file final_35.pdb (PDB, C-alpha atoms)
ATOM      1  CA  MET E 933     -34.276  -0.335   6.253
ATOM      2  CA  CYS E 934     -33.585  -2.575   3.271
ATOM      3  CA  VAL E 935     -35.558  -1.699   0.170
ATOM      4  CA  ILE E 936     -36.056  -4.625  -2.195
ATOM      5  CA  GLY E 937     -37.997  -4.037  -5.385
ATOM      6  CA  PHE E 938     -38.770  -7.675  -6.156
ATOM      7  CA  ALA E 939     -39.018 -11.083  -4.542
ATOM      8  CA  LEU E 940     -35.702 -12.605  -3.567
ATOM      9  CA  PRO E 941     -34.657 -15.412  -5.899
ATOM     10  CA  THR E 942     -34.285 -18.914  -4.574
ATOM     11  CA  LEU E 943     -30.701 -19.265  -3.421
ATOM     12  CA  ALA E 944     -28.833 -22.365  -2.321
ATOM     13  CA  ARG E 945     -30.758 -24.883  -0.262
ATOM     14  CA  HIS E 946     -30.091 -24.341   3.433
ATOM     15  CA  GLY E 947     -28.839 -27.906   3.802
ATOM     16  CA  THR E 948     -25.950 -27.323   1.425
ATOM     17  CA  GLN E 949     -22.491 -26.161   2.425
ATOM     18  CA  GLN E 950     -21.650 -22.519   1.725
ATOM     19  CA  ALA E 951     -18.347 -22.546  -0.160
ATOM     20  CA  VAL E 952     -15.778 -20.204   1.366
ATOM     21  CA  ASN E 953     -12.274 -19.541   0.084
ATOM     22  CA  HIS E 954      -9.733 -18.408   2.708
ATOM     23  CA  ASP E 955      -6.669 -18.248   0.445
ATOM     24  CA  LEU E 956      -6.448 -14.451   0.708
ATOM     25  CA  ASP E 957      -7.019 -14.145   4.460
ATOM     26  CA  GLY E 958      -4.995 -11.207   5.744
ATOM     27  CA  TRP E 959      -4.265  -9.743   2.303
ATOM     28  CA  ALA E 960      -4.099  -5.948   2.687
ATOM     29  CA  VAL E 961      -6.010  -4.065   0.005
ATOM     30  CA  ALA E 962      -3.728  -1.701  -1.912
ATOM     31  CA  PRO E 963      -4.601   2.004  -2.261
ATOM     32  CA  PHE E 964      -7.205   2.733  -4.923
ATOM     33  CA  THR E 965      -9.542   5.502  -6.056
ATOM     34  CA  LEU E 966     -12.962   4.885  -7.572
ATOM     35  CA  THR E 967     -16.071   7.040  -7.999
ATOM     36  CA  ASP E 968     -19.358   6.219  -6.271
ATOM     37  CA  GLN E 969     -22.923   6.551  -7.564
ATOM     38  CA  TYR E 970     -23.075  10.163  -6.352
ATOM     39  CA  GLY E 971     -19.881  11.229  -8.096
ATOM     40  CA  ARG E 972     -17.789  11.185  -4.927
ATOM     41  CA  ALA E 973     -14.366   9.600  -4.549
ATOM     42  CA  PHE E 974     -14.343   6.166  -2.914
ATOM     43  CA  THR E 975     -10.942   4.974  -1.689
ATOM     44  CA  GLU E 976      -9.417   2.302   0.516
ATOM     45  CA  ALA E 977      -9.904   4.697   3.452
ATOM     46  CA  HIS E 978     -13.662   4.023   3.193
ATOM     47  CA  LEU E 979     -12.986   0.372   4.057
ATOM     48  CA  ARG E 980     -11.391   1.119   7.404
ATOM     49  CA  GLY E 981     -13.533   0.754  10.515
ATOM     50  CA  ARG E 982     -16.209  -1.219   8.649
ATOM     51  CA  TRP E 983     -16.854  -4.748   7.464
ATOM     52  CA  THR E 984     -17.283  -4.568   3.705
ATOM     53  CA  PHE E 985     -18.775  -7.037   1.258
ATOM     54  CA  VAL E 986     -17.356  -6.399  -2.220
ATOM     55  CA  LEU E 987     -19.010  -7.631  -5.398
ATOM     56  CA  PHE E 988     -17.372  -7.172  -8.820
ATOM     57  CA  GLY E 989     -19.710  -7.135 -11.816
ATOM     58  CA  ASP E 990     -21.778  -4.811 -13.982
ATOM     59  CA  THR E 991     -25.424  -3.869 -14.450
ATOM     60  CA  SER E 992     -25.815  -5.530 -17.861
ATOM     61  CA  ASP E 993     -23.858  -8.708 -18.559
ATOM     62  CA  CYS E 994     -23.506  -9.915 -14.965
ATOM     63  CA  ALA E 995     -27.262 -10.580 -14.861
ATOM     64  CA  THR E 996     -28.238 -13.660 -12.868
ATOM     65  CA  ARG E 997     -25.089 -14.042 -10.770
ATOM     66  CA  CYS E 998     -24.884 -10.400  -9.689
ATOM     67  CA  ASP E 999     -28.622 -10.260  -9.046
ATOM     68  CA  ALA E1000     -28.441 -13.358  -6.847
ATOM     69  CA  ALA E1001     -25.456 -11.995  -4.904
ATOM     70  CA  LEU E1002     -27.071  -8.580  -4.338
ATOM     71  CA  ALA E1003     -30.339 -10.224  -3.301
ATOM     72  CA  ALA E1004     -28.427 -12.395  -0.812
ATOM     73  CA  LEU E1005     -26.702  -9.319   0.605
ATOM     74  CA  ALA E1006     -30.023  -7.489   0.866
ATOM     75  CA  ALA E1007     -31.441 -10.465   2.775
ATOM     76  CA  LEU E1008     -28.371 -10.534   5.046
ATOM     77  CA  CYS E1009     -28.911  -6.828   5.664
ATOM     78  CA  GLN E1010     -32.511  -7.502   6.671
ATOM     79  CA  ARG E1011     -31.481 -10.301   9.041
ATOM     80  CA  ILE E1012     -29.009  -8.090  10.953
ATOM     81  CA  GLU E1013     -31.054  -4.885  10.626
ATOM     82  CA  ARG E1014     -31.606  -4.468  14.377
ATOM     83  CA  ALA E1015     -28.162  -5.710  15.432
ATOM     84  CA  ASP E1016     -25.249  -3.416  16.215
ATOM     85  CA  ALA E1017     -23.360  -5.188  13.430
ATOM     86  CA  MET E1018     -25.420  -3.327  10.823
ATOM     87  CA  LYS E1019     -23.853  -0.029  11.907
ATOM     88  CA  THR E1020     -20.449  -1.215  10.684
ATOM     89  CA  THR E1021     -21.511  -3.272   7.666
ATOM     90  CA  GLN E1022     -21.379  -1.959   4.115
ATOM     91  CA  VAL E1023     -21.840  -3.416   0.651
ATOM     92  CA  VAL E1024     -19.751  -2.130  -2.261
ATOM     93  CA  PHE E1025     -20.619  -3.050  -5.848
ATOM     94  CA  ILE E1026     -17.692  -2.429  -8.200
ATOM     95  CA  SER E1027     -18.751  -2.123 -11.819
ATOM     96  CA  LEU E1028     -16.215  -3.317 -14.365
ATOM     97  CA  ASP E1029     -18.147  -1.545 -17.131
ATOM     98  CA  PRO E1030     -17.421   2.179 -16.632
ATOM     99  CA  LYS E1031     -18.689   3.120 -20.096
ATOM    100  CA  ARG E1032     -22.253   1.934 -19.496
ATOM    101  CA  ASP E1033     -22.491   2.058 -15.722
ATOM    102  CA  THR E1034     -22.880   5.757 -15.090
ATOM    103  CA  SER E1035     -23.585   7.177 -11.643
ATOM    104  CA  ALA E1036     -27.293   7.405 -12.465
ATOM    105  CA  ARG E1037     -27.413   3.815 -13.693
ATOM    106  CA  LEU E1038     -25.642   2.520 -10.580
ATOM    107  CA  ARG E1039     -28.064   4.442  -8.331
ATOM    108  CA  GLN E1040     -31.080   3.002 -10.109
ATOM    109  CA  TYR E1041     -29.711  -0.546 -10.213
ATOM    110  CA  LEU E1042     -28.742  -0.748  -6.540
ATOM    111  CA  SER E1043     -31.854   0.992  -5.195
ATOM    112  CA  ALA E1044     -33.849  -2.136  -6.050
ATOM    113  CA  TYR E1045     -31.836  -4.037  -3.433
ATOM    114  CA  ASP E1046     -30.886  -1.601  -0.676
ATOM    115  CA  THR E1047     -30.515   2.169  -0.820
ATOM    116  CA  ARG E1048     -27.427   1.934   1.406
ATOM    117  CA  PHE E1049     -25.468  -0.180  -1.061
ATOM    118  CA  ILE E1050     -22.542   1.699  -2.581
ATOM    119  CA  GLY E1051     -22.014   1.510  -6.333
ATOM    120  CA  THR E1052     -18.566   2.362  -7.671
ATOM    121  CA  THR E1053     -16.587   2.300 -10.880
ATOM    122  CA  GLY E1054     -13.420   3.889 -12.233
ATOM    123  CA  THR E1055     -11.028   4.041 -15.124
ATOM    124  CA  PRO E1056     -10.212   0.721 -16.812
ATOM    125  CA  GLU E1057      -6.679   0.907 -15.411
ATOM    126  CA  ALA E1058      -7.876   1.577 -11.837
ATOM    127  CA  LEU E1059     -10.379  -1.283 -12.089
ATOM    128  CA  ARG E1060      -7.750  -3.659 -13.471
ATOM    129  CA  ARG E1061      -5.302  -2.848 -10.686
ATOM    130  CA  LEU E1062      -7.927  -3.233  -7.971
ATOM    131  CA  ALA E1063      -9.360  -6.452  -9.391
ATOM    132  CA  ASP E1064      -5.896  -7.949  -9.740
ATOM    133  CA  ASP E1065      -5.021  -6.862  -6.204
ATOM    134  CA  MET E1066      -8.142  -8.469  -4.758
ATOM    135  CA  ARG E1067      -7.795 -11.428  -7.132
ATOM    136  CA  ALA E1068     -11.567 -11.800  -7.193
ATOM    137  CA  GLY E1069     -12.759 -14.963  -8.866
ATOM    138  CA  THR E1070      -9.432 -16.791  -9.004
ATOM    139  CA  ALA E1071     -10.568 -19.507  -6.605
ATOM    140  CA  ALA E1072     -13.689 -20.139  -8.643
ATOM    141  CA  ALA E1073     -11.632 -20.292 -11.812
ATOM    142  CA  SER E1074      -9.350 -22.911 -10.307
ATOM    143  CA  THR E1075     -12.300 -25.025  -9.155
ATOM    144  CA  GLY E1076     -14.229 -24.621 -12.365
ATOM    145  CA  THR E1077     -17.215 -22.936 -10.717
ATOM    146  CA  GLY E1078     -17.100 -19.599 -12.512
ATOM    147  CA  THR E1079     -16.077 -17.695 -15.568
ATOM    148  CA  GLY E1080     -12.580 -17.133 -14.222
ATOM    149  CA  THR E1081     -10.455 -14.159 -15.065
ATOM    150  CA  GLY E1082      -9.526 -12.520 -18.302
ATOM    151  CA  THR E1083      -9.385  -9.126 -19.931
ATOM    152  CA  GLY E1084     -12.545  -7.402 -21.091
ATOM    153  CA  THR E1085     -12.986  -4.951 -23.933
ATOM    154  CA  ASP E1086     -12.306  -2.014 -21.626
ATOM    155  CA  GLY E1087      -9.149  -3.639 -20.268
ATOM    156  CA  ALA E1088     -10.779  -4.410 -16.915
ATOM    157  CA  THR E1089     -10.320  -7.848 -15.464
ATOM    158  CA  GLN E1090     -13.340 -10.132 -15.803
ATOM    159  CA  HIS E1091     -14.324 -12.177 -12.778
ATOM    160  CA  ASN E1092     -16.393 -14.957 -11.421
ATOM    161  CA  HIS E1093     -19.509 -12.813 -11.124
ATOM    162  CA  GLY E1094     -21.438 -13.532  -7.955
ATOM    163  CA  SER E1095     -18.429 -14.186  -5.724
ATOM    164  CA  LEU E1096     -18.350 -11.993  -2.587
ATOM    165  CA  LEU E1097     -15.185 -10.739  -0.934
ATOM    166  CA  LEU E1098     -15.384  -9.872   2.744
ATOM    167  CA  ILE E1099     -12.958  -7.183   3.883
ATOM    168  CA  GLY E1100     -12.377  -6.527   7.571
ATOM    169  CA  PRO E1101     -12.219  -3.149   9.307
ATOM    170  CA  ASP E1102      -8.423  -3.196   8.966
ATOM    171  CA  ALA E1103      -8.844  -3.201   5.137
ATOM    172  CA  THR E1104      -7.627  -6.783   4.781
ATOM    173  CA  ILE E1105      -9.475  -9.560   2.974
ATOM    174  CA  ARG E1106     -10.995 -12.102   5.347
ATOM    175  CA  ALA E1107     -12.854 -14.482   3.016
ATOM    176  CA  GLU E1108     -14.355 -15.036  -0.405
ATOM    177  CA  TYR E1109     -17.872 -16.497  -0.518
ATOM    178  CA  LEU E1110     -18.499 -18.478  -3.682
ATOM    179  CA  PRO E1111     -21.879 -18.946  -5.368
ATOM    180  CA  PRO E1112     -24.418 -20.344  -4.933
ATOM    181  CA  LEU E1113     -24.991 -18.217  -1.837
ATOM    182  CA  ASP E1114     -27.114 -19.393   1.072
ATOM    183  CA  VAL E1115     -28.431 -16.418   3.053
ATOM    184  CA  LEU E1116     -28.628 -18.190   6.426
ATOM    185  CA  ARG E1117     -25.166 -19.708   6.159
ATOM    186  CA  LEU E1118     -23.687 -16.500   4.755
ATOM    187  CA  THR E1119     -25.124 -14.488   7.641
ATOM    188  CA  ALA E1120     -23.993 -17.005  10.250
ATOM    189  CA  SER E1121     -20.472 -17.138   8.814
ATOM    190  CA  TYR E1122     -20.255 -13.359   8.699
ATOM    191  CA  MET E1123     -21.372 -12.945  12.308
ATOM    192  CA  ARG E1124     -18.924 -15.636  13.477
ATOM    193  CA  MET E1125     -16.109 -13.881  11.645
ATOM    194  CA  ARG E1126     -16.967 -10.588  13.314
ATOM    195  CA  ARG E1127     -17.017 -12.206  16.759
ATOM    196  CA  GLY E1128     -13.729 -13.973  16.103
ATOM    197  CA  SER E1129     -11.977 -10.695  15.390
ATOM    198  CA  LEU E1130     -12.827  -9.118  18.745
TER     199      LEU E1130
END

call {"tool": "encode", "arguments": {"input": "final_35.pdb", "output": "structure tokens"}}
result
Amino acid sequence: MCVIGFALPTLARHGTQQAVNHDLDGWAVAPFTLTDQYGRAFTEAHLRGRWTFVLFGDTSDCATRCDAALAALAALCQRIERADAMKTTQVVFISLDPKRDTSARLRQYLSAYDTRFIGTTGTPEALRRLADDMRAGTAAASTGTGTGTGTGTDGATQHNHGSLLLIGPDATIRAEYLPPLDVLRLTASYMRMRRGSL
């Protein structure tokens, strides 16, 4: 069951179009190794057999955009709670701030949204490679809707915080959902994508 510690923020109006970038459809995620909020290794093998929403950010500077994206994912989780789809859906938050975002901090931060959400981080080099491989935020940078990409103080790539990557059970990227996120449209798009892959 989703555990949300506060009221969900107002997201996009349901009459608006949910922006989706399909430029990376079919892009296979390269091997990587991160550490989750319990100190366990999290690798590309954990993506296989599941549909995975990936959010790059941090628990401090990401603020409004990351909060809105995690709240939208928690609401999506609630909407599909009783569906079989929930059994093969996971959310992975990748912190680009390994110095501040310890395992304990990631556990505390994500528990306000959903206790099943997976928080991960890694070395600056591992984060840079993974972020570059997934190219998170590049579409938003080109359309002027985000902060774009660059290099942070730890050497990790900075991204359009709040953008969600959807990775299929074959560990390939299927779509990037750009903020603002509309829960109903996000859920509907996700379920259509799952059906289309059968």

call {"tool": "atom_distance", "arguments": {"input": "final_35.pdb", "atom1": "CA of Ser1121 (chain E)", "atom2": "CA of Leu966 (chain E)"}}
result
28.5 Å

call {"tool": "closest_residue", "arguments": {"input": "final_35.pdb", "among": "E:Leu1110, E:Cys994, E:Ala1017, E:Leu1059", "to": "Gly981 (chain E)", "atoms": "all atoms listed in the file"}}
result
E:Ala1017

call {"tool": "closest_residue", "arguments": {"input": "final_35.pdb", "among": "E:Arg1011, E:Arg972, E:Arg1126, E:His954", "to": "Gly1054 (chain E)", "atoms": "only C-alpha atoms"}}
result
E:Arg972

call {"tool": "closest_residue", "arguments": {"input": "final_35.pdb", "among": "E:Glu1013, E:Asp955, E:Ala977, E:Leu987", "to": "Ala1000 (chain E)", "atoms": "only C-alpha atoms"}}
result
E:Leu987

call {"tool": "closest_residue", "arguments": {"input": "final_35.pdb", "among": "E:Asp1046, E:Asp1064, E:Asp1033, E:Asp993", "to": "Cys1009 (chain E)", "atoms": "all atoms listed in the file"}}
result
E:Asp1046

call {"tool": "atom_distance", "arguments": {"input": "final_35.pdb", "atom1": "CA of Met1018 (chain E)", "atom2": "CA of Gly1100 (chain E)"}}
result
13.8 Å

call {"tool": "residues_around", "arguments": {"input": "final_35.pdb", "residues": "Ala1006 (chain E)", "least_positions_apart": "4", "cutoff": "7 Å", "atoms": "all atoms listed in the file", "output": "PyMOL selection string"}}
result
chain E and resi 934+1002+1010+1045-1046

call {"tool": "closest_residue", "arguments": {"input": "final_35.pdb", "among": "E:Met1123, E:Thr1020, E:Thr1052, E:Met1066", "to": "Ile1105 (chain E)", "atoms": "all atoms listed in the file"}}
result
E:Met1066

call {"tool": "resolve_selection", "arguments": {"input": "final_35.pdb", "expression": "the PyMOL selection byres ((chain E and resi 971) around 10)", "output": "number ranges by chain"}}
result
E: 966-970, 972-974, 1034-1036, 1052-1053

call {"tool": "atom_distance", "arguments": {"input": "final_35.pdb", "atom1": "CA of Ala1103 (chain E)", "atom2": "CA of Cys998 (chain E)"}}
result
23.0 Å

call {"tool": "closest_residue", "arguments": {"input": "final_35.pdb", "among": "E:Leu1113, E:Leu1118, E:Ala962, E:Leu979", "to": "Arg997 (chain E)", "atoms": "all atoms listed in the file"}}
result
E:Leu1113
